[in-house]
Amino acid sequence: MEKYRDIFISSFTDYGSYLWREVLNPSWGNYFYWLLGLSLFFWLLEILLPWRQHQAKIRQDFWLDGFYMLFNFFLFSLVGFNAISNIGVEAFSDFLALFGLNNLVAFEIQSWPVWAQLLTLFMVRDFIQWNIHRLLHRSDFLWKFHKVHHSVQQMGFAAHLRFHWGETIVYRTLEYIPLAMIGFGIQDFFLVHIFATAIGHFNHSNFHLPLGPLRYLLNNPQMHIWHHAKHMPRKYGANYGISLSVWDYLFGTAYKPENGRDIELGFDEVEHYPQSFIEQQWHPFREGRTTRKKALLEEQQELANATAGSVVK
Ligand SMILES: [Zn+2]
Ligand SMILES: [Zn+2]
């Protein structure tokens with residue numbers, strides 16, 4: 001138990017000093033400055049070559065999403081995820097040790113060239129995330145959390161990282177085992193992470209880039225905007241692609257009926273969705289309760305009406 005407590009405490013202090021070091025030392029291998037640089041790059045594109053020209057340069061919820069970027073990219077790890085996941089990973093390897101296993105590696109690809117390992121990691125991870133994203137739309141419970149991302153009503157690059165911290169837990173937990181099964185020789189997933197962040201910013205940006213046939217492979221703003229459409233013909237939505245659009249074309253979940261530049265975004269009654277960061281963090285936990293309460297009230301009302309009706313009769 002003491003071991004887990006030590007891991008928990010050192011996770012906070014380690015990550016705290018790591019974050020501080022990142023801010024103080026700009027370099028090419030620095031997450032903090034890459035996030036800042038990519039954000040400025042896509043903001044500049046939105047200012048110089050906007051797809052929706054009437055949209056304000058500092059659009060609705062620009063600062064809220066800016067804070068989400070900082071929170072989801074850095075602070076959440078600092079506040080809790082790093083500690084929880086370090087304990088989870090340690091507990092999981094202790095559990096494997098009970099069966100005499102050191103690791104989960106089922107496919108050895110360490111001898112491959114680095115570029116092939118990076119490409120495999122990128123594609124496998126993206127396919128797993130495409131599946132997790134579908135799950136977020138299909139499970140009523142998970143959808144409550146994913147709604148935070150879909151509450152965006154005016155699209156821009158920073159909307160990419162507006163999501164509930166619960167999503168980070170779902171994604172990292174579900175992708176852990178399949179990724180651990182592939183014995184990557186590379187320790188540093190930096191390149192893949194930065195590349196995926198750049199495509200995520202691009203998908204959400206107010207920018208039009210005709211990709212030609214490449215659009216069947218790479219996700220893009222003209223496709224991802226339909227994922228955010230308020231009115232979808234399919235109950236669980238479409239275009240679940242994170243970095244790649246190819247999975248949606250392969251599995252029949254692609255949807256792009258027309259130019260989606262000015263479509264309405266969100267979901268039913270998005271106008272009544274909480275607007276502040278704190279409220280959005282609490283809402284998924286309360287939503288179920290208020291809906292259940294509402295259903296109960298409606299049921300009671302119906303019962304009362306039925307009884308009143310039978311008395312009149
Ligand atoms: Zn979604
Ligand atoms: Zn999105």
# chains A, B, ... in the order shown; residues from 1 in each chain; ligands from 1

call {"tool": "residues_near_ligand", "arguments": {"ligand": "ligand 1", "cutoff": "10 Å", "atoms": "only C-alpha atoms and all ligand atoms", "output": "number ranges by chain"}}
result
A: 130, 132-137, 143, 146-150, 163, 224, 227-228, 236-242

call {"tool": "closest_residue", "arguments": {"among": "A:Leu44, A:Met155, A:Leu98, A:Leu119", "to": "ligand 2", "atoms": "only C-alpha atoms and all ligand atoms"}}
result
A:Met155

call {"tool": "residues_around", "arguments": {"residues": "stretch 53-55 of chain A", "least_positions_apart": "4", "cutoff": "12 Å", "atoms": "only C-alpha atoms", "output": "ChimeraX atom specification"}}
result
/A:46-49,59-60,62,153-156,205-208,261-262

call {"tool": "write_last_selection", "arguments": {"atoms": "N, CA and C atoms", "output": "short mmCIF file (atom, residue, chain, number, x, y, z; two decimals), in the first residue's frame"}}
result
data_model
loop_
_atom_site.label_atom_id
_atom_site.label_comp_id
_atom_site.auth_asym_id
_atom_site.auth_seq_id
_atom_site.Cartn_x
_atom_site.Cartn_y
_atom_site.Cartn_z
N GLU A 46 -6.83 31.07 -39.59
CA GLU A 46 -8.25 31.46 -39.47
C GLU A 46 -8.42 32.96 -39.70
N ILE A 47 -7.43 33.74 -39.28
CA ILE A 47 -7.52 35.19 -39.45
C ILE A 47 -7.28 35.58 -40.91
N LEU A 48 -6.28 34.96 -41.54
CA LEU A 48 -5.91 35.35 -42.90
C LEU A 48 -6.80 34.72 -43.97
N LEU A 49 -7.18 33.45 -43.78
CA LEU A 49 -7.95 32.75 -44.81
C LEU A 49 -9.17 32.04 -44.21
N ARG A 59 -13.80 34.11 -31.69
CA ARG A 59 -15.18 33.62 -31.82
C ARG A 59 -15.80 33.32 -30.45
N GLN A 60 -17.10 32.97 -30.50
CA GLN A 60 -17.81 32.59 -29.28
C GLN A 60 -17.04 31.47 -28.56
N PHE A 62 -14.06 31.40 -27.38
CA PHE A 62 -12.64 31.32 -27.71
C PHE A 62 -11.79 31.15 -26.44
N GLN A 153 -20.74 25.70 -30.48
CA GLN A 153 -21.73 26.19 -31.44
C GLN A 153 -21.10 27.02 -32.55
N GLN A 154 -19.87 27.46 -32.33
CA GLN A 154 -19.14 28.16 -33.38
C GLN A 154 -17.75 27.53 -33.43
N MET A 155 -17.39 27.01 -34.60
CA MET A 155 -16.19 26.17 -34.68
C MET A 155 -14.91 26.97 -34.89
N GLY A 156 -13.85 26.51 -34.24
CA GLY A 156 -12.53 27.10 -34.41
C GLY A 156 -11.50 26.13 -33.85
N SER A 205 -10.52 23.80 -37.26
CA SER A 205 -10.25 25.20 -37.59
C SER A 205 -11.24 25.74 -38.62
N ASN A 206 -11.39 27.06 -38.60
CA ASN A 206 -12.25 27.75 -39.55
C ASN A 206 -11.42 28.04 -40.80
N PHE A 207 -11.15 26.98 -41.55
CA PHE A 207 -10.17 27.08 -42.64
C PHE A 207 -10.55 26.06 -43.70
N HIS A 208 -10.44 26.45 -44.96
CA HIS A 208 -10.80 25.53 -46.03
C HIS A 208 -9.57 25.15 -46.83
N ARG A 261 -20.37 24.52 -44.49
CA ARG A 261 -19.76 25.73 -43.93
C ARG A 261 -20.63 26.42 -42.88
N ASP A 262 -21.95 26.55 -43.19
CA ASP A 262 -22.79 27.35 -42.30
C ASP A 262 -23.83 26.54 -41.53
#

call {"tool": "closest_residue", "arguments": {"among": "A:Ile7, A:Ala229, A:Ala91, A:Leu161", "to": "A:Ile263", "atoms": "only C-alpha atoms"}}
result
A:Ala229

call {"tool": "closest_residue", "arguments": {"among": "A:Pro50, A:Phe41, A:Asn203, A:Phe195", "to": "ligand 2", "atoms": "only C-alpha atoms and all ligand atoms"}}
result
A:Asn203

call {"tool": "closest_residue", "arguments": {"among": "A:Phe251, A:Phe92, A:Trp51, A:Phe141", "to": "A:Gln222", "atoms": "only C-alpha atoms"}}
result
A:Trp51

call {"tool": "select_by_dssp", "arguments": {"residues": "stretch 95-291 of chain A", "states": "alpha helix (DSSP H)", "output": "number ranges by chain"}}
result
A: 95-98, 114-138, 140-150, 165-181, 190-204, 221-227, 246-250, 277-291

call {"tool": "atom_distance", "arguments": {"atom1": "atom CA of A:Met1", "atom2": "atom CA of A:Tyr176"}}
result
23.1 Å
